[in-house]
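File shown here: upload12.csv, holding CSV, C-alpha atoms.
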chain,number,residue,atom,x,y,z
A,1,LYS,CA,88.5,89.3,111.8
A,2,ALA,CA,91.3,91.4,110.4
A,3,GLY,CA,92.0,91.2,106.7
A,4,VAL,CA,95.3,90.7,104.9
A,5,THR,CA,97.7,93.5,105.9
A,6,GLN,CA,100.5,94.7,103.7
A,7,THR,CA,103.1,97.2,104.6
A,8,PRO,CA,104.2,99.7,103.6
A,9,ARG,CA,101.4,101.0,101.4
A,10,TYR,CA,103.8,103.1,99.3
A,11,LEU,CA,107.5,102.8,98.6
A,12,ILE,CA,109.9,104.8,96.5
A,13,LYS,CA,113.3,103.4,95.6
A,14,THR,CA,116.0,104.0,93.1
A,15,ARG,CA,117.5,101.7,90.6
A,16,GLY,CA,120.0,99.2,92.1
A,17,GLN,CA,118.5,99.3,95.6
A,18,GLN,CA,116.7,96.4,97.2
A,19,VAL,CA,113.3,96.4,98.9
A,20,THR,CA,111.4,94.2,101.3
A,21,LEU,CA,107.6,94.1,101.4
A,22,SER,CA,105.6,92.5,104.3
A,23,CYS,CA,102.4,90.7,104.4
A,24,SER,CA,100.3,89.5,107.4
A,25,PRO,CA,97.7,87.0,106.3
A,26,ILE,CA,94.3,86.5,107.9
A,27,SER,CA,94.6,84.6,111.2
A,28,GLY,CA,94.6,80.9,110.6
A,29,HIS,CA,95.5,81.1,106.9
A,30,ARG,CA,98.6,79.2,106.1
A,31,SER,CA,99.0,79.9,102.4
A,32,VAL,CA,100.4,83.2,101.2
A,33,SER,CA,100.7,84.1,97.5
A,34,TRP,CA,102.3,87.2,95.9
A,35,TYR,CA,101.2,88.8,92.7
A,36,GLN,CA,102.6,91.7,90.7
A,37,GLN,CA,100.2,94.1,89.0
A,38,THR,CA,101.3,96.5,86.2
A,39,PRO,CA,99.4,98.3,83.5
A,40,GLY,CA,101.3,96.5,80.8
A,41,GLN,CA,101.6,92.9,82.1
A,42,GLY,CA,98.5,92.8,84.3
A,43,LEU,CA,98.4,90.5,87.2
A,44,GLN,CA,101.2,87.9,87.4
A,45,PHE,CA,101.9,85.2,89.9
A,46,LEU,CA,105.2,85.5,91.7
A,47,PHE,CA,105.2,82.7,94.3
A,48,GLU,CA,103.3,80.9,97.0
A,49,TYR,CA,104.4,79.9,100.4
A,50,PHE,CA,102.8,77.3,102.7
A,51,SER,CA,104.1,76.3,106.1
A,52,GLU,CA,107.3,78.2,105.5
A,53,THR,CA,108.0,76.4,102.2
A,54,GLN,CA,107.8,77.8,98.7
A,55,ARG,CA,105.2,75.6,97.0
A,56,ASN,CA,104.7,77.3,93.6
A,57,LYS,CA,106.8,79.8,91.7
A,58,GLY,CA,106.0,82.0,88.7
A,59,ASN,CA,108.3,83.1,85.9
A,60,PHE,CA,110.2,85.9,87.6
A,61,PRO,CA,114.0,86.3,87.8
A,62,GLY,CA,115.9,85.3,90.9
A,63,ARG,CA,116.0,88.9,92.0
A,64,PHE,CA,112.5,88.3,93.3
A,65,SER,CA,112.5,86.1,96.5
A,66,GLY,CA,110.3,85.5,99.4
A,67,ARG,CA,110.0,83.7,102.7
A,68,GLN,CA,107.3,82.8,105.2
A,69,PHE,CA,107.7,82.7,108.9
A,70,SER,CA,106.3,80.3,111.4
A,71,ASN,CA,103.4,82.6,112.2
A,72,SER,CA,102.5,82.6,108.4
A,73,ARG,CA,103.6,86.2,107.9
A,74,SER,CA,105.5,86.6,104.6
A,75,GLU,CA,108.0,88.9,103.1
A,76,MET,CA,109.1,89.3,99.6
A,77,ASN,CA,112.4,90.9,98.6
A,78,VAL,CA,113.5,92.4,95.3
A,79,SER,CA,117.2,93.0,94.8
A,80,THR,CA,118.9,95.2,92.3
A,81,LEU,CA,115.7,97.1,91.5
A,82,GLU,CA,115.0,98.0,87.9
A,83,LEU,CA,112.6,100.6,86.5
A,84,GLY,CA,110.3,97.8,85.3
A,85,ASP,CA,109.8,96.6,88.8
A,86,SER,CA,107.5,99.5,89.5
A,87,ALA,CA,104.2,97.9,90.2
A,88,LEU,CA,101.5,97.2,92.7
A,89,TYR,CA,102.5,94.1,94.7
A,90,LEU,CA,99.6,92.2,96.1
A,91,CYS,CA,99.6,89.6,98.7
A,92,ALA,CA,96.8,87.0,99.1
A,93,SER,CA,96.1,84.5,101.8
A,94,SER,CA,94.0,81.3,102.0
A,95,LEU,CA,93.5,78.5,104.4
A,96,VAL,CA,95.2,75.8,102.5
A,97,GLY,CA,95.3,76.9,98.9
A,98,ARG,CA,96.1,73.7,97.1
A,99,ASP,CA,93.4,71.4,95.9
A,100,ARG,CA,90.4,73.0,97.4
A,101,ALA,CA,90.3,76.0,95.1
A,102,GLU,CA,89.6,78.3,98.0
A,103,LYS,CA,89.0,81.9,97.4
A,104,LEU,CA,92.0,84.2,97.9
A,105,PHE,CA,91.8,87.1,100.3
A,106,PHE,CA,93.9,90.0,98.9
A,107,GLY,CA,95.5,92.8,100.7
A,108,SER,CA,95.4,96.4,99.4
A,109,GLY,CA,98.9,96.1,98.1
A,110,THR,CA,102.2,97.9,98.2
A,111,GLN,CA,102.8,100.4,95.4
A,112,LEU,CA,106.5,100.3,94.5
A,113,SER,CA,107.9,103.1,92.4
A,114,VAL,CA,111.5,102.7,91.1
A,115,LEU,CA,113.2,105.9,90.0
B,1,ALA,CA,100.3,76.6,79.8
B,2,GLN,CA,97.1,78.2,80.8
B,3,SER,CA,95.7,81.5,79.6
B,4,VAL,CA,92.6,83.7,80.0
B,5,ALA,CA,91.2,86.2,77.6
B,6,GLN,CA,88.9,89.0,78.4
B,7,PRO,CA,88.2,90.5,75.0
B,8,GLU,CA,86.6,93.8,76.1
B,9,ASP,CA,88.7,96.4,77.8
B,10,GLN,CA,85.6,98.2,78.9
B,11,VAL,CA,81.9,97.5,79.1
B,12,ASN,CA,79.3,100.3,79.4
B,13,VAL,CA,75.8,99.6,80.7
B,14,ALA,CA,73.0,101.7,82.1
B,15,GLU,CA,71.8,101.1,85.6
B,16,GLY,CA,69.0,98.6,85.8
B,17,ASN,CA,70.1,96.9,82.6
B,18,PRO,CA,71.6,93.4,82.5
B,19,LEU,CA,75.4,93.2,82.2
B,20,THR,CA,77.8,90.6,80.8
B,21,VAL,CA,81.5,90.5,81.1
B,22,LYS,CA,83.1,88.0,78.8
B,23,CYS,CA,85.9,85.5,79.6
B,24,THR,CA,87.4,82.6,77.7
B,25,TYR,CA,90.1,80.3,78.8
B,26,SER,CA,92.7,77.8,77.6
B,27,VAL,CA,94.0,75.1,79.9
B,28,SER,CA,94.9,71.4,79.8
B,29,GLY,CA,92.7,69.5,82.2
B,30,ASN,CA,89.7,70.5,84.3
B,31,PRO,CA,90.1,74.1,85.4
B,32,TYR,CA,89.1,76.0,88.4
B,33,LEU,CA,87.6,79.3,87.3
B,34,PHE,CA,87.2,82.5,89.2
B,35,TRP,CA,85.9,86.1,89.0
B,36,TYR,CA,87.5,88.8,91.1
B,37,VAL,CA,86.6,92.5,91.3
B,38,GLN,CA,89.0,95.4,92.0
B,39,TYR,CA,87.9,98.8,93.3
B,40,PRO,CA,90.3,101.8,93.0
B,41,ASN,CA,93.3,101.6,95.2
B,42,ARG,CA,92.2,98.3,96.6
B,43,GLY,CA,93.1,94.7,96.4
B,44,LEU,CA,91.0,92.1,94.6
B,45,GLN,CA,87.8,90.8,96.1
B,46,PHE,CA,86.4,87.3,95.3
B,47,LEU,CA,83.1,87.2,93.5
B,48,LEU,CA,82.5,83.6,92.6
B,49,LYS,CA,84.2,80.3,91.5
B,50,TYR,CA,83.5,77.2,89.5
B,51,ILE,CA,85.0,73.9,90.4
B,52,THR,CA,82.6,71.3,89.2
B,53,GLY,CA,78.9,70.5,89.0
B,54,ASP,CA,76.2,73.0,88.0
B,55,ASN,CA,77.3,75.2,85.1
B,56,LEU,CA,75.6,78.3,86.6
B,57,VAL,CA,77.4,79.6,89.6
B,58,LYS,CA,76.0,82.3,91.9
B,59,GLY,CA,78.2,84.6,93.8
B,60,SER,CA,78.4,87.8,95.8
B,61,TYR,CA,76.4,91.0,95.1
B,62,GLY,CA,74.0,89.3,92.8
B,63,PHE,CA,76.6,88.2,90.2
B,64,GLU,CA,76.5,84.9,88.5
B,65,ALA,CA,78.6,83.2,85.9
B,66,GLU,CA,78.0,80.4,83.4
B,67,PHE,CA,80.6,77.8,82.7
B,68,ASN,CA,80.5,76.5,79.1
B,69,LYS,CA,83.0,73.7,78.5
B,70,SER,CA,82.5,73.4,74.7
B,71,GLN,CA,83.1,77.1,74.2
B,72,THR,CA,85.7,77.3,77.0
B,73,SER,CA,83.9,80.4,78.4
B,74,PHE,CA,83.0,81.6,81.8
B,75,HIS,CA,81.1,84.8,81.3
B,76,LEU,CA,80.1,87.0,84.3
B,77,LYS,CA,76.5,88.2,84.4
B,78,LYS,CA,74.1,90.3,86.5
B,79,PRO,CA,70.4,90.8,85.8
B,80,SER,CA,70.3,94.4,86.9
B,81,ALA,CA,73.4,96.6,87.1
B,82,LEU,CA,74.1,99.2,89.8
B,83,VAL,CA,76.3,102.3,89.6
B,84,SER,CA,78.2,100.8,92.5
B,85,ASP,CA,79.1,97.8,90.3
B,86,SER,CA,81.5,100.1,88.4
B,87,ALA,CA,85.0,98.5,88.9
B,88,LEU,CA,87.6,96.4,87.2
B,89,TYR,CA,86.7,92.8,86.8
B,90,PHE,CA,89.2,89.9,86.4
B,91,CYS,CA,88.6,86.4,85.3
B,92,ALA,CA,91.2,83.8,86.5
B,93,VAL,CA,92.0,80.1,86.1
B,94,SER,CA,94.0,77.6,88.1
B,95,LEU,CA,94.5,73.9,88.1
B,96,PRO,CA,94.1,71.2,90.8
B,97,GLY,CA,97.3,70.9,92.7
B,98,THR,CA,98.3,74.5,92.1
B,99,ALA,CA,95.0,76.1,93.0
B,100,SER,CA,96.6,79.2,94.5
B,101,LYS,CA,98.6,79.9,91.3
B,102,LEU,CA,96.0,81.9,89.4
B,103,THR,CA,96.4,83.1,85.8
B,104,PHE,CA,94.4,86.3,85.4
B,105,GLY,CA,92.9,87.9,82.3
B,106,THR,CA,93.8,91.5,81.5
B,107,GLY,CA,90.7,92.8,83.2
B,108,THR,CA,87.5,94.5,82.0
B,109,ARG,CA,86.5,97.9,83.3
B,110,LEU,CA,82.7,98.0,83.9
B,111,GLN,CA,81.1,101.4,83.8
B,112,VAL,CA,77.5,101.7,84.9
B,113,THR,CA,75.8,105.0,84.4
B,114,LEU,CA,72.5,106.4,85.5

If you took the structure in this file and wrote it as structure tokens, what would it be?
Amino acid sequence: KAGVTQTPRYLIKTRGQQVTLSCSPISGHRSVSWYQQTPGQGLQFLFEYFSETQRNKGNFPGRFSGRQFSNSRSEMNVSTLELGDSALYLCASSLVGRDRAEKLFFGSGTQLSVL
Amino acid sequence: AQSVAQPEDQVNVAEGNPLTVKCTYSVSGNPYLFWYVQYPNRGLQFLLKYITGDNLVKGSYGFEAEFNKSQTSFHLKKPSALVSDSALYFCAVSLPGTASKLTFGTGTRLQVTL
């Protein structure tokens, strides 16, 4: 069974640009969550999607957005990039992800560098 | 608001010795507690979780964790460390209803030496 796939693996952008990151969950998983990992702030929850609907949201500005498609694949978008957006962005999937405290399966992440 | 504290940035242990990685949490209500491990240039891998029931939880690769409600702690343990256990370990908490919204600790780097 294939794991969680994130593309691209590395991205370099300049300030003010926008970027789209992609995540393909494990087959059959319907919940997709996104996390930002930085040396200073650690791992922070961005948002979670389930059945194409945003179900939970973290404390990030509106420049960070996401969506989920009918096949459960998800994308996140960051507009008007800032230097502080440089981070490893991790996607995680689970079957349902709500009350069953299922384990999350993480992808290897997309390393975003903003210059 | 929920929070997780991992008081040690790094834990050093010799191979074959027992290891403990500490975690305390603060949350309103009954938490779900997790441990994840991260190897270099990789995503996180699930080790174990506590939902309810027995306070001693056994997980992958010989790891276990003990839930202590009075001390709001969830320390990770292993009886005999391996060099291959060297990695970054994260404790996390979530709540029923928002189980995928994990709040992570800052991580503890475990270094196991020969």

Show me, as a ChimeraX atom specification, the residues that have an atom within 10 Å of Gly58 (chain A) when counting all atoms listed in the file, minus same-chain residues fewer than 2 positions from it.
/A:34-35,44-48,56,60-61 /B:101

Calculate how many Å separate CA of Thr24 (chain B) from CA of Leu47 (chain B), rounding to one decimal.
17.0 Å

Point (87.7, 77.2, 92.8) neighbourhood (7 Å, all atoms listed in the file) written as a ChimeraX atom specification
/A:100-103 /B:32-34,49-51

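With only C-alpha atoms taken into account, the protein and nucleic acid residues at most 12 Å from Gly84 (chain A) (excluding it and anything under 5 positions from it in its own chain) are Thr14, Arg15, Gly16, Gln36, Gln37, Thr38, Pro39, Gly40, Gln41, Val78, Leu112, Ser113, Val114 and Leu115 of chain A.
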
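Distance check against Gly109 (chain A) using all atoms listed in the file: of B:Ser3, B:Gln111, B:Gln38, B:Asp85, the minimum falls on B:Gln38.
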
Expected answer as a short mmCIF file (atom, residue, chain, number, x, y, z; two decimals) with C-alpha atoms, keeping the file's coordinate frame: chain B residues within 12 Å of chain A, only C-alpha atoms:
data_model
loop_
_atom_site.label_atom_id
_atom_site.label_comp_id
_atom_site.auth_asym_id
_atom_site.auth_seq_id
_atom_site.Cartn_x
_atom_site.Cartn_y
_atom_site.Cartn_z
CA ALA B 1 100.30 76.60 79.80
CA SER B 3 95.70 81.50 79.60
CA VAL B 4 92.60 83.70 80.00
CA ALA B 5 91.20 86.20 77.60
CA GLN B 6 88.90 89.00 78.40
CA PRO B 31 90.10 74.10 85.40
CA TYR B 32 89.10 76.00 88.40
CA LEU B 33 87.60 79.30 87.30
CA PHE B 34 87.20 82.50 89.20
CA TRP B 35 85.90 86.10 89.00
CA TYR B 36 87.50 88.80 91.10
CA VAL B 37 86.60 92.50 91.30
CA GLN B 38 89.00 95.40 92.00
CA TYR B 39 87.90 98.80 93.30
CA PRO B 40 90.30 101.80 93.00
CA ASN B 41 93.30 101.60 95.20
CA ARG B 42 92.20 98.30 96.60
CA GLY B 43 93.10 94.70 96.40
CA LEU B 44 91.00 92.10 94.60
CA GLN B 45 87.80 90.80 96.10
CA PHE B 46 86.40 87.30 95.30
CA LEU B 47 83.10 87.20 93.50
CA LEU B 48 82.50 83.60 92.60
CA LYS B 49 84.20 80.30 91.50
CA TYR B 50 83.50 77.20 89.50
CA ILE B 51 85.00 73.90 90.40
CA THR B 52 82.60 71.30 89.20
CA GLY B 59 78.20 84.60 93.80
CA LEU B 88 87.60 96.40 87.20
CA TYR B 89 86.70 92.80 86.80
CA PHE B 90 89.20 89.90 86.40
CA CYS B 91 88.60 86.40 85.30
CA ALA B 92 91.20 83.80 86.50
CA VAL B 93 92.00 80.10 86.10
CA SER B 94 94.00 77.60 88.10
CA LEU B 95 94.50 73.90 88.10
CA PRO B 96 94.10 71.20 90.80
CA GLY B 97 97.30 70.90 92.70
CA THR B 98 98.30 74.50 92.10
CA ALA B 99 95.00 76.10 93.00
CA SER B 100 96.60 79.20 94.50
CA LYS B 101 98.60 79.90 91.30
CA LEU B 102 96.00 81.90 89.40
CA THR B 103 96.40 83.10 85.80
CA PHE B 104 94.40 86.30 85.40
CA GLY B 105 92.90 87.90 82.30
CA THR B 106 93.80 91.50 81.50
CA GLY B 107 90.70 92.80 83.20
CA THR B 108 87.50 94.50 82.00
#

In Å, rounded to a single decimal, give me how far CA of Gln10 (chain B) is from CA of Arg9 (chain A).
27.6 Å

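Picture a line from CA of Ser51 (chain A) to CA of Ser27 (chain A); it runs 13.6 Å.
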
Could you list, as a VMD selection string, every residue within 8 Å of Phe67 (chain B), counting all atoms listed in the file and ignoring same-chain residues fewer than 4 positions away?
chain B and resid 50 55 to 57 72 to 75

Tell me which protein, DNA and RNA residues are within 8 Å of Val19 (chain A), counting all atoms listed in the file, leaving out same-chain ones fewer than 3 positions away, and put them as a PDB file with C-alpha atoms, keeping the file's coordinate frame.
ATOM      1  CA  LYS A  13     113.300 103.400  95.600  1.00  0.00           C
ATOM      2  CA  ASN A  77     112.400  90.900  98.600  1.00  0.00           C
ATOM      3  CA  VAL A  78     113.500  92.400  95.300  1.00  0.00           C
ATOM      4  CA  SER A  79     117.200  93.000  94.800  1.00  0.00           C
ATOM      5  CA  LEU A  81     115.700  97.100  91.500  1.00  0.00           C
TER       6      LEU A  81
END

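Of the residues under consideration (A:Ile26, A:Leu95, A:Met76, A:Leu21), A:Leu21 shows the shortest atom-to-atom contact distance to Gln6 (chain A) when counting all atoms listed in the file.
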
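With all atoms listed in the file as the atoms that count, the residue of A:Thr7, A:Arg73, A:Ala87, A:Phe50 with the shortest distance to Arg30 (chain A) is A:Phe50.
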
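Residues with any atom within 6 Å of Leu110 (chain B), counting all atoms listed in the file and excluding same-chain neighbours fewer than 5 positions away, are Gln10, Val11, Ser86 and Ala87 of chain B.
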